[in-house]
Amino acid sequence: MSSKISPLLEPYLALPLEASLILLTSVLGASTNWLVLRFLHSALLSGDASLVDGDAEKVVLVIDQLDLLMATAGDQVGVMDVTDLLMGLREDVRSVIITLSADYPLLSTQQTPLETNHAAFLLNVAHQADLTLSLRLLDSGTARDVSGVVRITTRDQEMHDSGLARKIEERELLYFVGGDGGVRVFERGQ
Amino acid sequence: MSFRKRGIVVPQSGGPMTGIANTSTNPTTISTSKAPPLGTRPSPLDGRLTISTGTKSLDSLLAGHSGLPLGTSVLISESGTTDFAGTLLKYYAAEGVVQGHTVHVLGVGESWGRELPGLGEGKDGEGKGKVREEEKMKIAWRYERLGEFGAGSRGSNVPQSTASKEVAFVFCHDFDLSKRLILPSPSNMHFVPLSTQSDFSFNDSDLSVSPFMKFVQHLTIQLSSASPTTIHRVVLPSLLSPAIYPAHASNSNHILQFLHALRALLRKYPTQLTTLITIPLTLYPRSAGLTRWIELLSDGVLELVPFPSSSVAAKAPSAASTVHEEPPQGMLRVHRLPIFHEKGGGGGEASGFGDDLAFTLSRRKGMVIKPFSLPPVEGDMEAQHIGLESEDGKKATKVDIEF
């Protein structure tokens, strides 16, 4: 795997040091795995975090697919339970990177408790997150040199004083995952 | 190793020094790599072990791995009342039986196992092929095999043996739907009932008990007690279909916990287990959250969309029929592929995207999946008649088309 991180992505990967909640969303066919790996890479190289237990100042917590817990537990775990869990964990660590599924059938149908809980939880987290990176497939279908789209959005800065130090640019970028696992992130039209 | 004198070349196995050097197996002896388990071959992409799904064109769809990687699961969903997906499942099970793998089937009884397609002919070409191979120079043998990963060809192991008694390693066998596979005895197929089926009492089944529990227990025991070189294939026909499953099987906690447990087993035994699941979309459409979770919990997701029977193109008249093959019976959509999408990949040539795919089921060739192409519209009169069957059954003629 190429060790070079795309320069377009770099400013966002350094953010776990400042942002306390980062949300990564995925859909079927557009997995967040490569993005989580790059966050880990950036955190480990920066020297500010390590995989071994550290004190609270240096811990970046990555939670992969917390929505699965809610989906599989049925009646026993509801939206508030998972939200409380997440809030409790956030208090103990410096920042949290959480990945959730944002598939259309899980958000829009709203007919079964499975769907309504999922939508409620995802929206909850999305409103709380300092930074959201949403992955989805190309709107126009598939292409040979594009795997999908990254949509980067931030929480409204003016309302909260403990926001990010600098205003983060909200944008959409395209990405392509190569056969070797290397990822190219580029702007539309390149 | 500690008793070996320095300066003596470490003998190859089978060399003249073997008797002197060591009688016991020496783990540091240079030897050919351990033979992979039965019926597996390494992926040309990254070398991970793959097995055949039993359908050659499906093997070649799987993102360049030319087979189903061990430790992954594939979900095949189908809309409508047909069961083409069930046929794919039968080929997968039949391939497992023939290769000596252990096959675990949930929910259906042994009668399902008696309907597997039998081995077809087509062994005759093998002998000639082998002779031709030996005649080629051995230097480029590694590159010889590259062409063999294509859709129609066989994989064969290192071709370094004599012509006399080489048993060709066949990765994917030919099956014939008109024949029935004779299961070996003792059979390597296990049919596990749902947890609610075995109880013949007339009490209402306890809705809090998962119908899948028995199967998970069975698999756990089998995997932990079997040798690490056995390959296990899990078959889940018509998941959640009311013909087999009780209503409470569709409770999200039961079905999703089951698939999650299956995924855990797949990751725990990554070189031994694969799963093929089919699900009827008519009852569980892709727009439903539960279906989407089932898809998210599967490494591969394929969707079969059979054509409605009235719109299948009429068979070409005799002259052109030798040119045209059987018309496609439906489309196949790829939503996710094992390994490939876990890495985040989408697009690109390995995924096969960019082509609309169609499938045809034939007796001799099984399911054949290939890019969908509409029949030609220009050309001779007969070719124009193909695909132009209008709803009232009359074929469009040249007179009709001209204004």
# chains A, B, ... in the order shown; residues from 1 in each chain; ligands from 1

$ interface_residues --of "chain B" --to "chain A" --cutoff "12 Å" --atoms "only C-alpha atoms" --output "JSON list (two decimals) with N, CA and C atoms, in the first residue's frame"
[["chain", "number", "residue", "atom", "x", "y", "z"],
["B", 45, "LEU", "N", -4.93, -12.81, -7.81],
["B", 45, "LEU", "CA", -4.79, -11.41, -7.39],
["B", 45, "LEU", "C", -3.88, -11.27, -6.18],
["B", 46, "ASP", "N", -4.20, -12.00, -5.13],
["B", 46, "ASP", "CA", -3.40, -11.85, -3.93],
["B", 46, "ASP", "C", -3.04, -13.18, -3.29],
["B", 63, "ALA", "N", -14.47, -10.41, -8.82],
["B", 63, "ALA", "CA", -13.47, -9.35, -8.66],
["B", 63, "ALA", "C", -12.04, -9.84, -8.84],
["B", 64, "GLY", "N", -11.84, -10.70, -9.81],
["B", 64, "GLY", "CA", -10.47, -11.06, -10.12],
["B", 64, "GLY", "C", -9.91, -12.21, -9.32],
["B", 65, "HIS", "N", -10.66, -12.68, -8.33],
["B", 65, "HIS", "CA", -10.13, -13.80, -7.54],
["B", 65, "HIS", "C", -10.39, -15.14, -8.21],
["B", 208, "SER", "N", -38.99, -16.41, 21.59],
["B", 208, "SER", "CA", -37.73, -15.78, 21.98],
["B", 208, "SER", "C", -36.54, -16.64, 21.63],
["B", 250, "SER", "N", -37.95, -13.80, 11.02],
["B", 250, "SER", "CA", -37.67, -12.50, 10.43],
["B", 250, "SER", "C", -37.52, -11.40, 11.47],
["B", 251, "ASN", "N", -37.68, -11.74, 12.72],
["B", 251, "ASN", "CA", -37.39, -10.72, 13.74],
["B", 251, "ASN", "C", -35.95, -10.30, 13.58],
["B", 252, "SER", "N", -35.74, -8.99, 13.61],
["B", 252, "SER", "CA", -34.40, -8.51, 13.30],
["B", 252, "SER", "C", -33.36, -9.09, 14.24],
["B", 253, "ASN", "N", -33.72, -9.28, 15.49],
["B", 253, "ASN", "CA", -32.69, -9.78, 16.39],
["B", 253, "ASN", "C", -32.30, -11.21, 16.06],
["B", 254, "HIS", "N", -33.26, -12.06, 15.68],
["B", 254, "HIS", "CA", -32.91, -13.45, 15.36],
["B", 254, "HIS", "C", -32.08, -13.55, 14.10],
["B", 255, "ILE", "N", -32.57, -12.99, 13.02],
["B", 255, "ILE", "CA", -31.88, -13.17, 11.75],
["B", 255, "ILE", "C", -30.55, -12.42, 11.73],
["B", 256, "LEU", "N", -30.51, -11.23, 12.28],
["B", 256, "LEU", "CA", -29.27, -10.47, 12.22],
["B", 256, "LEU", "C", -28.22, -11.03, 13.18],
["B", 257, "GLN", "N", -28.68, -11.52, 14.32],
["B", 257, "GLN", "CA", -27.71, -12.15, 15.22],
["B", 257, "GLN", "C", -27.15, -13.42, 14.58],
["B", 258, "PHE", "N", -28.00, -14.13, 13.86],
["B", 258, "PHE", "CA", -27.54, -15.33, 13.18],
["B", 258, "PHE", "C", -26.48, -14.99, 12.13],
["B", 259, "LEU", "N", -26.78, -13.98, 11.31],
["B", 259, "LEU", "CA", -25.82, -13.63, 10.26],
["B", 259, "LEU", "C", -24.53, -13.07, 10.86],
["B", 260, "HIS", "N", -24.67, -12.39, 11.96],
["B", 260, "HIS", "CA", -23.49, -11.87, 12.65],
["B", 260, "HIS", "C", -22.65, -13.02, 13.19],
["B", 261, "ALA", "N", -23.33, -14.03, 13.74],
["B", 261, "ALA", "CA", -22.61, -15.20, 14.26],
["B", 261, "ALA", "C", -21.92, -15.94, 13.12],
["B", 284, "TYR", "N", -38.98, -9.67, 0.82],
["B", 284, "TYR", "CA", -38.02, -8.83, 1.53],
["B", 284, "TYR", "C", -37.34, -7.93, 0.52],
["B", 285, "PRO", "N", -38.05, -6.90, 0.08],
["B", 285, "PRO", "CA", -37.50, -6.07, -0.99],
["B", 285, "PRO", "C", -36.27, -5.31, -0.54],
["B", 286, "ARG", "N", -35.50, -4.91, -1.50],
["B", 286, "ARG", "CA", -34.25, -4.23, -1.21],
["B", 286, "ARG", "C", -34.49, -2.86, -0.59],
["B", 287, "SER", "N", -35.72, -2.39, -0.66],
["B", 287, "SER", "CA", -36.01, -1.09, -0.06],
["B", 287, "SER", "C", -36.28, -1.21, 1.44],
["B", 288, "ALA", "N", -36.29, -2.40, 1.97],
["B", 288, "ALA", "CA", -36.57, -2.58, 3.39],
["B", 288, "ALA", "C", -35.27, -2.58, 4.19],
["B", 289, "GLY", "N", -35.36, -2.07, 5.39],
["B", 289, "GLY", "CA", -34.18, -1.97, 6.23],
["B", 289, "GLY", "C", -33.59, -3.33, 6.57],
["B", 290, "LEU", "N", -34.47, -4.31, 6.83],
["B", 290, "LEU", "CA", -33.97, -5.64, 7.21],
["B", 290, "LEU", "C", -33.15, -6.26, 6.08],
["B", 291, "THR", "N", -33.65, -6.14, 4.87],
["B", 291, "THR", "CA", -32.91, -6.68, 3.72],
["B", 291, "THR", "C", -31.56, -5.98, 3.59],
["B", 292, "ARG", "N", -31.57, -4.68, 3.81],
["B", 292, "ARG", "CA", -30.31, -3.96, 3.69],
["B", 292, "ARG", "C", -29.31, -4.42, 4.73],
["B", 293, "TRP", "N", -29.76, -4.69, 5.94],
["B", 293, "TRP", "CA", -28.85, -5.19, 6.98],
["B", 293, "TRP", "C", -28.33, -6.58, 6.59],
["B", 294, "ILE", "N", -29.19, -7.41, 6.03],
["B", 294, "ILE", "CA", -28.75, -8.73, 5.59],
["B", 294, "ILE", "C", -27.67, -8.58, 4.52],
["B", 295, "GLU", "N", -27.86, -7.61, 3.64],
["B", 295, "GLU", "CA", -26.85, -7.38, 2.61],
["B", 295, "GLU", "C", -25.56, -6.84, 3.21],
["B", 296, "LEU", "N", -25.69, -5.96, 4.20],
["B", 296, "LEU", "CA", -24.49, -5.39, 4.80],
["B", 296, "LEU", "C", -23.69, -6.43, 5.55],
["B", 297, "LEU", "N", -24.38, -7.48, 6.03],
["B", 297, "LEU", "CA", -23.69, -8.53, 6.76],
["B", 297, "LEU", "C", -23.14, -9.62, 5.85],
["B", 298, "SER", "N", -23.27, -9.45, 4.54],
["B", 298, "SER", "CA", -22.73, -10.43, 3.59],
["B", 298, "SER", "C", -21.57, -9.79, 2.84],
["B", 299, "ASP", "N", -20.56, -10.61, 2.55],
["B", 299, "ASP", "CA", -19.40, -10.06, 1.86],
["B", 299, "ASP", "C", -19.69, -9.79, 0.39],
["B", 300, "GLY", "N", -20.54, -10.62, -0.20],
["B", 300, "GLY", "CA", -20.89, -10.43, -1.60],
["B", 300, "GLY", "C", -22.40, -10.33, -1.72],
["B", 301, "VAL", "N", -22.87, -9.45, -2.60],
["B", 301, "VAL", "CA", -24.32, -9.32, -2.79],
["B", 301, "VAL", "C", -24.59, -9.27, -4.29],
["B", 302, "LEU", "N", -25.34, -10.26, -4.76],
["B", 302, "LEU", "CA", -25.74, -10.30, -6.16],
["B", 302, "LEU", "C", -27.25, -10.30, -6.23],
["B", 334, "VAL", "N", -24.58, -6.71, -9.70],
["B", 334, "VAL", "CA", -23.58, -6.91, -8.65],
["B", 334, "VAL", "C", -23.61, -5.70, -7.74],
["B", 335, "HIS", "N", -23.88, -5.92, -6.46],
["B", 335, "HIS", "CA", -23.89, -4.81, -5.52],
["B", 335, "HIS", "C", -22.66, -4.78, -4.65],
["B", 336, "ARG", "N", -22.10, -5.94, -4.44],
["B", 336, "ARG", "CA", -20.92, -6.01, -3.59],
["B", 336, "ARG", "C", -20.19, -7.29, -3.89],
["B", 337, "LEU", "N", -18.86, -7.25, -3.79],
["B", 337, "LEU", "CA", -18.07, -8.44, -4.04],
["B", 337, "LEU", "C", -17.12, -8.69, -2.87],
["B", 338, "PRO", "N", -16.89, -9.95, -2.54],
["B", 338, "PRO", "CA", -16.04, -10.24, -1.39],
["B", 338, "PRO", "C", -14.64, -9.65, -1.55],
["B", 339, "ILE", "N", -14.06, -9.27, -0.49],
["B", 339, "ILE", "CA", -12.71, -8.70, -0.42],
["B", 339, "ILE", "C", -12.63, -7.36, -1.15],
["B", 340, "PHE", "N", -13.12, -7.31, -2.36],
["B", 340, "PHE", "CA", -12.98, -6.13, -3.19],
["B", 340, "PHE", "C", -13.65, -4.92, -2.56],
["B", 341, "HIS", "N", -14.86, -5.08, -2.09],
["B", 341, "HIS", "CA", -15.57, -3.94, -1.53],
["B", 341, "HIS", "C", -15.21, -3.69, -0.08],
["B", 342, "GLU", "N", -14.71, -4.70, 0.58],
["B", 342, "GLU", "CA", -14.25, -4.48, 1.95],
["B", 342, "GLU", "C", -13.07, -3.51, 1.93],
["B", 343, "LYS", "N", -12.32, -3.58, 0.83],
["B", 343, "LYS", "CA", -11.20, -2.66, 0.70],
["B", 343, "LYS", "C", -11.68, -1.30, 0.26],
["B", 344, "GLY", "N", -12.93, -1.23, -0.14],
["B", 344, "GLY", "CA", -13.47, 0.05, -0.56],
["B", 344, "GLY", "C", -13.58, 0.21, -2.05],
["B", 345, "GLY", "N", -13.20, -0.79, -2.79],
["B", 345, "GLY", "CA", -13.15, -0.65, -4.24],
["B", 345, "GLY", "C", -14.51, -0.58, -4.88],
["B", 346, "GLY", "N", -14.62, 0.20, -5.90],
["B", 346, "GLY", "CA", -15.83, 0.27, -6.68],
["B", 346, "GLY", "C", -15.39, 0.73, -8.04],
["B", 347, "GLY", "N", -16.06, 0.32, -9.08],
["B", 347, "GLY", "CA", -15.58, 0.71, -10.39],
["B", 347, "GLY", "C", -14.34, -0.06, -10.74],
["B", 348, "GLY", "N", -13.71, 0.24, -11.78],
["B", 348, "GLY", "CA", -12.50, -0.45, -12.17],
["B", 348, "GLY", "C", -12.81, -1.75, -12.88],
["B", 349, "GLU", "N", -11.82, -2.31, -13.52],
["B", 349, "GLU", "CA", -12.10, -3.47, -14.36],
["B", 349, "GLU", "C", -12.29, -4.73, -13.55],
["B", 350, "ALA", "N", -11.66, -4.80, -12.41],
["B", 350, "ALA", "CA", -11.74, -6.04, -11.65],
["B", 350, "ALA", "C", -13.15, -6.35, -11.22],
["B", 351, "SER", "N", -13.93, -5.32, -11.01],
["B", 351, "SER", "CA", -15.27, -5.59, -10.51],
["B", 351, "SER", "C", -16.20, -6.01, -11.62],
["B", 352, "GLY", "N", -15.78, -5.82, -12.85],
["B", 352, "GLY", "CA", -16.70, -6.17, -13.94],
["B", 352, "GLY", "C", -17.79, -5.16, -14.15],
["B", 353, "PHE", "N", -17.73, -4.07, -13.44],
["B", 353, "PHE", "CA", -18.75, -3.04, -13.64],
["B", 353, "PHE", "C", -18.60, -2.43, -15.01],
["B", 354, "GLY", "N", -19.63, -1.80, -15.45],
["B", 354, "GLY", "CA", -19.59, -1.20, -16.76],
["B", 354, "GLY", "C", -20.28, -2.09, -17.77],
["B", 355, "ASP", "N", -20.39, -3.36, -17.47],
["B", 355, "ASP", "CA", -21.17, -4.25, -18.34],
["B", 355, "ASP", "C", -22.47, -4.59, -17.64],
["B", 356, "ASP", "N", -23.55, -4.53, -18.36],
["B", 356, "ASP", "CA", -24.76, -5.12, -17.82],
["B", 356, "ASP", "C", -24.61, -6.61, -17.99]]

$ residues_around --residues "stretch 99-105 of chain B" --least-positions-apart "6" --cutoff "7 Å" --atoms "only C-alpha atoms" --output "VMD selection string"
chain B and resid 38 to 39 93 188 to 192 230 to 236

$ closest_residue --among "A:Leu174, A:Ala129, A:Val79, A:Val59" --to "A:Arg151" --atoms "only C-alpha atoms"
A:Leu174

$ select_by_dssp --residues "stretch 3-157 of chain A" --states "helix (DSSP H, G or I)" --output "MDAnalysis selection string"
chainID A and resid 10:13 15:17 33:45 56:58 66:76 79:92 104:108 113:128

$ residues_around --residues "A:Leu131" --least-positions-apart "3" --cutoff "10 Å" --atoms "only C-alpha atoms" --output "list in words"
Tyr12, Leu15, Pro16, Ala19, Ser20, Leu21, Ile22, Leu23, Leu24, Ile97, Ala126, His127, Gln128, Ser134, Ile152, Thr153, Thr154, Arg155, Asp156, Leu164, Ile168 and Glu170 of chain A

$ write_last_selection --atoms "C-alpha atoms" --output "PDB file, in the first residue's frame"
ATOM      1  CA  TYR A  12      -9.222  16.162   7.727  1.00  0.00           C
ATOM      2  CA  LEU A  15      -8.634  16.471  13.107  1.00  0.00           C
ATOM      3  CA  PRO A  16      -9.166  13.829  15.806  1.00  0.00           C
ATOM      4  CA  ALA A  19     -12.594  17.482  17.035  1.00  0.00           C
ATOM      5  CA  SER A  20     -14.281  15.398  19.672  1.00  0.00           C
ATOM      6  CA  LEU A  21     -16.681  13.480  17.434  1.00  0.00           C
ATOM      7  CA  ILE A  22     -16.088  12.485  13.850  1.00  0.00           C
ATOM      8  CA  LEU A  23     -18.785  10.610  11.970  1.00  0.00           C
ATOM      9  CA  LEU A  24     -18.007   8.426   8.967  1.00  0.00           C
ATOM     10  CA  ILE A  97     -14.432   8.331  15.354  1.00  0.00           C
ATOM     11  CA  ALA A 126     -24.824  13.568  12.721  1.00  0.00           C
ATOM     12  CA  HIS A 127     -26.047  16.617  14.595  1.00  0.00           C
ATOM     13  CA  GLN A 128     -23.488  16.139  17.330  1.00  0.00           C
ATOM     14  CA  SER A 134     -20.063  10.521   4.094  1.00  0.00           C
ATOM     15  CA  ILE A 152     -17.288  16.455   3.989  1.00  0.00           C
ATOM     16  CA  THR A 153     -19.441  18.575   6.234  1.00  0.00           C
ATOM     17  CA  THR A 154     -18.960  20.202   9.582  1.00  0.00           C
ATOM     18  CA  ARG A 155     -21.120  21.252  12.440  1.00  0.00           C
ATOM     19  CA  ASP A 156     -22.246  24.827  12.477  1.00  0.00           C
ATOM     20  CA  LEU A 164     -12.600  23.511  15.532  1.00  0.00           C
ATOM     21  CA  ILE A 168     -12.976  23.408   7.806  1.00  0.00           C
ATOM     22  CA  GLU A 170     -17.055  21.665   3.348  1.00  0.00           C
TER      23      GLU A 170
END

$ atom_distance --atom1 "atom CA of B:Gly120" --atom2 "atom CA of B:Thr360"
17.7 Å

$ atom_distance --atom1 "atom CA of A:Phe39" --atom2 "atom CA of B:Gly71"
26.5 Å

$ atom_distance --atom1 "atom CA of B:Leu239" --atom2 "atom CA of B:Ile277"
6.9 Å

$ decode --residues "stretch 4-121 of chain A" --atoms "C-alpha atoms" --output "CSV table (one decimal), in the first residue's frame"
chain,number,residue,atom,x,y,z
A,4,LYS,CA,1.5,8.6,0.8
A,5,ILE,CA,-1.8,10.1,1.9
A,6,SER,CA,-3.6,12.2,-0.5
A,7,PRO,CA,-3.0,15.9,0.2
A,8,LEU,CA,-6.7,16.6,-0.2
A,9,LEU,CA,-7.5,14.3,2.6
A,10,GLU,CA,-4.7,15.2,5.0
A,11,PRO,CA,-6.3,18.3,6.7
A,12,TYR,CA,-9.2,16.2,7.7
A,13,LEU,CA,-7.2,13.2,9.0
A,14,ALA,CA,-5.4,15.4,11.5
A,15,LEU,CA,-8.6,16.5,13.1
A,16,PRO,CA,-9.2,13.8,15.8
A,17,LEU,CA,-6.8,15.9,17.9
A,18,GLU,CA,-9.2,18.8,17.9
A,19,ALA,CA,-12.6,17.5,17.0
A,20,SER,CA,-14.3,15.4,19.7
A,21,LEU,CA,-16.7,13.5,17.4
A,22,ILE,CA,-16.1,12.5,13.8
A,23,LEU,CA,-18.8,10.6,12.0
A,24,LEU,CA,-18.0,8.4,9.0
A,25,THR,CA,-21.0,7.0,7.0
A,26,SER,CA,-21.0,4.2,4.5
A,27,VAL,CA,-23.4,2.6,2.1
A,28,LEU,CA,-23.5,-0.8,0.5
A,29,GLY,CA,-20.6,-0.9,-1.9
A,30,ALA,CA,-18.9,2.2,-0.4
A,31,SER,CA,-17.1,1.0,2.8
A,32,THR,CA,-15.4,3.3,5.3
A,33,ASN,CA,-12.6,0.8,6.0
A,34,TRP,CA,-10.0,2.6,3.9
A,35,LEU,CA,-10.9,5.9,5.6
A,36,VAL,CA,-10.7,4.5,9.1
A,37,LEU,CA,-7.3,3.1,8.2
A,38,ARG,CA,-6.1,6.4,7.1
A,39,PHE,CA,-7.3,8.1,10.3
A,40,LEU,CA,-5.4,5.4,12.3
A,41,HIS,CA,-2.3,5.9,10.2
A,42,SER,CA,-2.4,9.7,10.8
A,43,ALA,CA,-3.1,9.3,14.5
A,44,LEU,CA,-0.3,6.8,15.0
A,45,LEU,CA,2.3,8.7,13.0
A,46,SER,CA,1.6,12.0,14.7
A,47,GLY,CA,2.8,10.5,17.9
A,48,ASP,CA,-0.1,11.7,19.9
A,49,ALA,CA,-1.8,8.4,20.2
A,50,SER,CA,-0.9,4.8,20.4
A,51,LEU,CA,-2.7,1.5,20.2
A,52,VAL,CA,-1.8,0.6,23.7
A,53,ASP,CA,-4.0,2.0,26.5
A,54,GLY,CA,-3.1,5.5,27.2
A,55,ASP,CA,-4.5,8.2,29.4
A,56,ALA,CA,-7.6,10.0,28.5
A,57,GLU,CA,-5.7,12.9,26.9
A,58,LYS,CA,-4.3,10.8,24.2
A,59,VAL,CA,-7.0,8.3,23.4
A,60,VAL,CA,-8.8,8.3,20.1
A,61,LEU,CA,-11.6,5.9,20.2
A,62,VAL,CA,-12.7,4.3,17.0
A,63,ILE,CA,-16.2,2.6,17.0
A,64,ASP,CA,-17.0,0.6,13.9
A,65,GLN,CA,-20.7,0.2,13.1
A,66,LEU,CA,-22.3,0.9,16.5
A,67,ASP,CA,-25.6,0.7,14.6
A,68,LEU,CA,-25.2,-3.0,14.3
A,69,LEU,CA,-25.4,-3.3,18.0
A,70,MET,CA,-28.8,-1.6,17.9
A,71,ALA,CA,-30.0,-3.6,14.9
A,72,THR,CA,-29.1,-7.0,16.3
A,73,ALA,CA,-30.3,-6.4,19.8
A,74,GLY,CA,-33.9,-5.8,18.8
A,75,ASP,CA,-36.0,-4.6,21.7
A,76,GLN,CA,-33.3,-4.7,24.3
A,77,VAL,CA,-31.2,-1.8,23.0
A,78,GLY,CA,-32.9,1.3,21.9
A,79,VAL,CA,-31.8,4.7,20.5
A,80,MET,CA,-31.4,6.2,23.9
A,81,ASP,CA,-29.3,3.3,25.2
A,82,VAL,CA,-26.8,3.6,22.3
A,83,THR,CA,-26.8,7.4,22.5
A,84,ASP,CA,-26.0,7.3,26.2
A,85,LEU,CA,-23.3,4.7,25.6
A,86,LEU,CA,-21.7,6.9,23.1
A,87,MET,CA,-21.9,10.0,25.3
A,88,GLY,CA,-20.4,8.1,28.2
A,89,LEU,CA,-17.5,6.9,26.1
A,90,ARG,CA,-16.9,10.4,24.8
A,91,GLU,CA,-16.4,11.7,28.3
A,92,ASP,CA,-13.5,9.2,28.8
A,93,VAL,CA,-11.5,9.9,25.7
A,94,ARG,CA,-10.1,12.7,23.7
A,95,SER,CA,-12.1,12.1,20.6
A,96,VAL,CA,-14.3,9.4,19.0
A,97,ILE,CA,-14.4,8.3,15.4
A,98,ILE,CA,-17.6,6.4,14.7
A,99,THR,CA,-18.7,4.7,11.6
A,100,LEU,CA,-22.4,4.1,10.8
A,101,SER,CA,-24.4,2.9,7.8
A,102,ALA,CA,-26.3,5.6,5.9
A,103,ASP,CA,-28.1,3.4,3.4
A,104,TYR,CA,-31.3,4.7,1.9
A,105,PRO,CA,-33.5,1.8,3.0
A,106,LEU,CA,-32.3,2.3,6.6
A,107,LEU,CA,-33.1,5.9,6.7
A,108,SER,CA,-36.1,6.6,4.5
A,109,THR,CA,-38.5,3.7,4.9
A,110,GLN,CA,-39.4,4.4,8.6
A,111,GLN,CA,-41.9,1.5,8.9
A,112,THR,CA,-40.3,-0.9,11.3
A,113,PRO,CA,-38.6,-0.1,14.6
A,114,LEU,CA,-35.4,-1.3,13.0
A,115,GLU,CA,-35.6,1.5,10.5
A,116,THR,CA,-36.9,4.2,12.8
A,117,ASN,CA,-34.3,3.5,15.4
A,118,HIS,CA,-31.5,3.6,12.9
A,119,ALA,CA,-32.6,6.9,11.4
A,120,ALA,CA,-33.0,8.5,14.8
A,121,PHE,CA,-29.6,7.4,16.0
